Amino acid sequence: MIRFDNVSVVYDGETVPVLRNVTLHIPEGELVLVVGRTGSGKSTLLRAVNGLVPHFTGGTLTGRVTVDGRDTRDHLPRDLADVVGVVPQDPSSAFVTDIVEDELAYGMESLGLAPDVMRRRVEETLDLLGLTELRDRALQSLSGGQRQRVAIGAVLTTHPKVLVLDEPTSALDPGAAEEVLAALQRLVHDLGVTVLLAEHRLERVVQYADRIVLVPGNGEPLVSGRPADVMIDAPVAPPVVELGRIAGWSPLPLSVRDARRAADELRRSLVGLRPPLRAVPDATAIPVATMRSVRVGFGHVQALAGVDIDVTAGEVVALMGRNGAGKSTLLGSLVGLHRPSAGTVRVAGDDPYTLRGPELVRHVGLVPQDPRDLLCSDRVSDECRAGDADAHAVPGTTRALLALLSPDIDDSTHPRDLSEGQRLTLALAVVLAAEPPLVLLDEPTRGLDYPGKEQLVITLQGLAARGHAVVMATHDVELAAAVATRVVVLADGEVVADGPMADVVVGSPMFAPQVAKVMAPERWLTVGEIEREIERGRELA
Amino acid sequence: MTYTAPVTGTTSTPVLPSSRRRAPMSQPRWLHPGAWWVWALGMAVAATRTTNPLLLLLILGVVWIVVNARRPDAPWARSFDAFLRLGAMVIVIRMAFQVLFGARLGTTMLLGLPSLPLPDWMAGVRVGGDITLESMMTGFYDGLRLAVLLICVGAANSLASPARLLKSVPAALYEVGVALVIALTFAPMLVSDIQRVREAQRLRGRATRGLRGVASAALPVFEGALDRSITLAAAMDSRGYGRTAPVSVARRRSTSLLLLGGLVAITIGAYGVVAEGSPLVVGVPLAVVGIIAAALSLRLAGARSIRTRYRPDPWRWQEWLVSASGIIPAIVVGAASAAAWSGMVPSIVPPAWPDLPLLPAVAVLIGTLPAIAAPPLPRPRAVTSAPPARVPATTGDVAA
């Protein structure tokens, strides 16, 4: 269905090719997962399938890419629209119309399909993806998972043979991600669509893949094969695979189900042992931040409906819950962006809503969902200087923090050219320059690969050890499992659970990390904990 | 790709109890945006043909009633209030200009102001001087006419969704139309971007107001907008936007010629219709010929486009009625003005309280008809933004 023959891609102004001599054949009806580190060329590979590379992005492509027999050399993306459907990373930035139904019809209108065909296919697609209830809703009013399904539906109506998706679940909560993946599964199994998708959150998708294409980056040759084979030494791997690696299981488990079957012996060998308790802060200490029956509303929507929370120094609190549960609003209230309609917010003794300028940044710092919002200079060095000036800190403070968090960032780089992880650390360094006792992060792992996440875990643990209180809103259960000392689950603006990580998430189908699901009822959360235990066992033996 | 799903044929209109279904008027649906534009332009033409403030205020009232009766709750529909404010500003500016710089009219002194002595070579130009009732009236009448014209356009803007209008745009203009509509949707996104970046600026402890605040927010906002437009362009390209069918050179040339000729004719014709004192006998036929030529050329040019339309808005009797209720006032007021009926151009020198000419007033009142005749707006099924419970992607009988 998709054939790459000796394809190399060099972007203008670069000397190193992003892809070098790629030869790849993807047969019809496969679900292919493209994995690799950030910046390794995954997106380039995906975008070459429908000719966006090089027709739209520029650069030079040598070799041949054919889809369903059509060569992208003489077919523009628009001429491939009936064969390849492309769902971009952020679906809402690619919507052309404003109503669900019109969006589904848009591609067919462009192809000039007959009105009765369009009408039938829209109805079929609404049913197929469970969008019937949403047909006349405005696209702006949809939740993240719904938007993603509409974006998939919008390209499906032209009946493409190939579907290409770039990180379809990275912005979604676990429930919404399952919803999207179930829809994709159905397309592959019932309709024989070939699906090519890139995803950082392997734990969500690896079990569904028929084949994995590993893009190592730096123009090194691709690895393509069955998931269990490729995962043996892939640089990125989900927790179940890592557990399988350290336990020496063969074949490697790809899903929680596989791992549970293999883990019988491991579970028995660990019976009676307990993971080391995470540092629980002194209950008598004065909390850094308190919220007392806080209500925040926007128009007639109640975003927070009476929230009580205390955060103490040295804690890492993971804030979890559905998209739209009020996580971002809670962070916003802690940093004084929203004025509560009732209740009180105190951060280090003051109401953050009344604080301005340097006063505010010395109380609390927030790294927003898109760290680019916070950055406004052309060079990393200028950004650091601006950070010092904003915080009234000693010149060089921000740069020193940045060097500590991420040593290999070049001073002259444009912040937009940094990798996601580097940009996050730059924003974090800017925030930390004022030494706020409370540090907030909104969805820090969006777009981070596994090594980037590991770095973040170390950084956050360091912050907590230095006495900062950290609160992060996240959908990433694995990150929460690795670093959080406490979890707060929000639903419809209310706190529904608040307690130590292990108490809250073990047994929760939605928020339990993979290791917890494999090891239940024992309360292990991360591969690291088990690895240390196994090593200790070996030393004793 | 074959699968069967029951085609239920549900439309976007909610199902009403059968008792309320009797009257065809009560069936909620979107009126064809073209009908709203015809109606609004009809009212606007009527407004340009008179300076009678009573008649103009009547037109304003009619437009206001219809907009309030049939305006949907959407971001683009809120522009009407902005147009009202713009109208008020136009009147004030027009009066100020007339009073300060306009030619002196009449003798009814209201206020004596010192006048700026100007050299001889600037004869005819006046700055300051006595304010007379007559010049105030001239300024007000003219300003009001312009304001009502603007407000009529604003009414069309807020009654007809730009996205729905795009569906009815001739195929040849479609690609230009898309660009315009996207520009319209970008504006609210830009506003939310600015909001977000200003919040981020505050998080850095910076000033969000003043020149510095604006300057430091501008860069991230524009970079974001640029990023988004590139993503959108890539997405549109991969969804088949801009596919064309081959067309012969001769046909392309004749199309361009016809379009150009048609536009010239429309321009001259429009001047003839709108401008005071020019003969309607020349203006109306030229405008009609021009419109026909332009329509023909658009039809020819449409052959290049292979687009089809999904569920185009129908043109039913309600659309005819709404259009007619705009065209009738235009014709009656236009005819009355051409025949120089009394009251169409009220006397200024000497100043007199204007009379309301009966027949034109009745014609203008016909313009309120859409407030009842246009179908009521469909209500979105789920009004709240709360996402419904997750729908498992099961078999096709979900819709049944």
# chains A, B, ... in the order shown; residues from 1 in each chain; ligands from 1
$ interface_residues --of "chain A" --to "chain B" --cutoff "7 Å" --atoms "only C-alpha atoms" --output "ChimeraX atom specification"
/A:56,77-79,81,86,93-94,105,107,109-115,118,120,123-124,127-130,132,136-137,141-143,183,191,356-358,360-361,365-366,373-374,376,390
$ write_last_selection --atoms "N, CA and C atoms" --output "short mmCIF file (atom, residue, chain, number, x, y, z; two decimals), in the first residue's frame"
data_model
loop_
_atom_site.label_atom_id
_atom_site.label_comp_id
_atom_site.auth_asym_id
_atom_site.auth_seq_id
_atom_site.Cartn_x
_atom_site.Cartn_y
_atom_site.Cartn_z
N PHE A 56 5.04 20.68 0.31
CA PHE A 56 4.58 21.77 1.16
C PHE A 56 5.69 22.34 2.03
N PRO A 77 -0.27 16.90 -2.63
CA PRO A 77 -1.10 16.41 -1.53
C PRO A 77 -2.60 16.41 -1.88
N ARG A 78 -3.05 17.46 -2.56
CA ARG A 78 -4.48 17.54 -2.85
C ARG A 78 -4.92 16.45 -3.82
N ASP A 79 -3.97 15.96 -4.66
CA ASP A 79 -4.33 14.90 -5.60
C ASP A 79 -4.32 13.53 -4.92
N ALA A 81 -5.67 13.27 -1.87
CA ALA A 81 -6.65 13.40 -0.78
C ALA A 81 -7.64 12.24 -0.75
N VAL A 86 -4.89 12.57 6.33
CA VAL A 86 -3.88 12.97 7.31
C VAL A 86 -4.56 13.70 8.46
N SER A 93 -6.39 23.02 15.09
CA SER A 93 -5.76 24.01 14.24
C SER A 93 -5.99 23.70 12.78
N ALA A 94 -6.55 22.53 12.48
CA ALA A 94 -6.73 22.16 11.09
C ALA A 94 -8.19 22.14 10.67
N ALA A 105 -18.04 16.85 5.93
CA ALA A 105 -18.33 16.91 4.49
C ALA A 105 -17.27 17.64 3.71
N GLY A 107 -14.00 17.52 3.04
CA GLY A 107 -13.11 16.81 2.12
C GLY A 107 -13.86 16.29 0.90
N GLU A 109 -16.58 17.53 -0.39
CA GLU A 109 -16.92 18.66 -1.25
C GLU A 109 -15.76 19.02 -2.16
N SER A 110 -14.55 18.99 -1.58
CA SER A 110 -13.37 19.32 -2.37
C SER A 110 -13.16 18.32 -3.49
N LEU A 111 -13.49 17.05 -3.22
CA LEU A 111 -13.29 16.03 -4.24
C LEU A 111 -14.43 16.01 -5.24
N GLY A 112 -15.49 16.75 -4.96
CA GLY A 112 -16.59 16.82 -5.91
C GLY A 112 -17.47 15.59 -5.92
N LEU A 113 -17.73 15.01 -4.75
CA LEU A 113 -18.62 13.84 -4.71
C LEU A 113 -20.08 14.30 -4.85
N ALA A 114 -20.91 13.36 -5.31
CA ALA A 114 -22.32 13.70 -5.52
C ALA A 114 -23.00 13.93 -4.18
N PRO A 115 -23.98 14.85 -4.13
CA PRO A 115 -24.63 15.18 -2.85
C PRO A 115 -25.21 13.98 -2.11
N MET A 118 -22.43 12.10 -0.43
CA MET A 118 -21.93 12.85 0.73
C MET A 118 -22.86 12.65 1.91
N ARG A 120 -24.90 10.24 2.57
CA ARG A 120 -24.85 8.90 3.12
C ARG A 120 -23.57 8.71 3.94
N GLU A 123 -23.55 10.34 7.36
CA GLU A 123 -24.33 9.57 8.34
C GLU A 123 -23.54 8.35 8.79
N GLU A 124 -22.93 7.64 7.83
CA GLU A 124 -22.18 6.44 8.18
C GLU A 124 -21.01 6.77 9.11
N ASP A 127 -22.01 7.53 12.65
CA ASP A 127 -22.28 6.30 13.40
C ASP A 127 -21.00 5.58 13.76
N LEU A 128 -20.12 5.46 12.76
CA LEU A 128 -18.89 4.69 12.93
C LEU A 128 -18.06 5.21 14.09
N LEU A 129 -18.00 6.53 14.25
CA LEU A 129 -17.14 7.10 15.28
C LEU A 129 -17.94 7.59 16.49
N GLY A 130 -19.20 7.26 16.53
CA GLY A 130 -20.00 7.65 17.69
C GLY A 130 -20.16 9.14 17.83
N THR A 132 -22.86 10.85 16.47
CA THR A 132 -24.22 11.25 16.08
C THR A 132 -24.76 12.37 16.95
N ASP A 136 -24.49 18.65 15.12
CA ASP A 136 -24.64 20.09 14.86
C ASP A 136 -23.98 20.95 15.94
N ARG A 137 -23.04 20.36 16.66
CA ARG A 137 -22.31 21.15 17.66
C ARG A 137 -21.20 21.96 17.00
N SER A 141 -16.74 23.85 20.78
CA SER A 141 -17.34 23.45 22.06
C SER A 141 -17.03 22.00 22.39
N LEU A 142 -16.29 21.29 21.55
CA LEU A 142 -16.05 19.87 21.79
C LEU A 142 -14.89 19.66 22.74
N SER A 143 -14.88 18.49 23.40
CA SER A 143 -13.75 18.13 24.25
C SER A 143 -12.63 17.58 23.36
N ALA A 183 -11.70 3.52 18.08
CA ALA A 183 -12.19 3.88 16.74
C ALA A 183 -11.19 3.44 15.68
N LEU A 191 -12.69 -2.38 8.31
CA LEU A 191 -12.69 -1.76 7.00
C LEU A 191 -11.37 -1.95 6.26
N ARG A 356 1.19 41.38 42.03
CA ARG A 356 1.56 41.82 40.69
C ARG A 356 3.09 41.79 40.55
N GLY A 357 3.53 41.66 39.31
CA GLY A 357 4.93 41.82 38.99
C GLY A 357 5.84 40.91 39.78
N PRO A 358 6.99 41.42 40.19
CA PRO A 358 7.99 40.59 40.87
C PRO A 358 7.47 39.98 42.17
N LEU A 360 4.59 38.63 42.59
CA LEU A 360 3.91 37.40 42.22
C LEU A 360 4.92 36.29 41.95
N VAL A 361 5.95 36.60 41.13
CA VAL A 361 6.85 35.53 40.74
C VAL A 361 7.67 35.03 41.91
N GLY A 365 5.21 30.17 40.66
CA GLY A 365 5.53 30.18 39.23
C GLY A 365 4.78 29.08 38.52
N LEU A 366 4.31 29.38 37.29
CA LEU A 366 3.56 28.39 36.52
C LEU A 366 4.20 28.21 35.16
N ASP A 373 4.45 30.09 25.23
CA ASP A 373 3.75 31.30 25.65
C ASP A 373 4.62 32.14 26.57
N LEU A 374 5.43 31.45 27.37
CA LEU A 374 6.22 32.14 28.39
C LEU A 374 7.47 32.76 27.79
N CYS A 376 9.80 34.77 25.03
CA CYS A 376 9.55 35.81 24.05
C CYS A 376 10.82 36.39 23.47
N ASP A 390 13.23 40.06 35.01
CA ASP A 390 11.84 39.96 35.47
C ASP A 390 11.77 39.59 36.93
#
$ select_by_dssp --residues "segment 8-85 of chain A" --states "helix (DSSP H, G or I)" --output "JSON, numbers by chain"
{"A": [42, 43, 44, 45, 46, 47, 48, 49, 52, 53, 54, 55, 77, 78, 79, 80]}
$ residues_around --residues "Asp173 of chain A" --least-positions-apart "6" --cutoff "8 Å" --atoms "only C-alpha atoms" --output "ChimeraX atom specification"
/A:321-323,475-476
$ write_last_selection --atoms "N, CA and C atoms" --output "PDB file, in the first residue's frame"
ATOM      1  N   GLY A 321      -7.464  13.940  36.238  1.00  0.00           N
ATOM      2  CA  GLY A 321      -8.892  14.038  35.947  1.00  0.00           C
ATOM      3  C   GLY A 321      -9.097  14.225  34.463  1.00  0.00           C
ATOM      4  N   ARG A 322     -10.357  14.077  34.035  1.00  0.00           N
ATOM      5  CA  ARG A 322     -10.712  14.221  32.624  1.00  0.00           C
ATOM      6  C   ARG A 322     -10.294  15.573  32.057  1.00  0.00           C
ATOM      7  N   ASN A 323     -10.273  15.674  30.728  1.00  0.00           N
ATOM      8  CA  ASN A 323     -10.162  16.992  30.100  1.00  0.00           C
ATOM      9  C   ASN A 323     -11.375  17.799  30.550  1.00  0.00           C
ATOM     10  N   HIS A 475      -2.112  14.200  32.450  1.00  0.00           N
ATOM     11  CA  HIS A 475      -2.856  13.005  32.045  1.00  0.00           C
ATOM     12  C   HIS A 475      -1.956  11.792  32.081  1.00  0.00           C
ATOM     13  N   ASP A 476      -0.675  12.035  32.332  1.00  0.00           N
ATOM     14  CA  ASP A 476       0.303  10.979  32.164  1.00  0.00           C
ATOM     15  C   ASP A 476       0.426  10.189  33.455  1.00  0.00           C
TER      16      ASP A 476
END
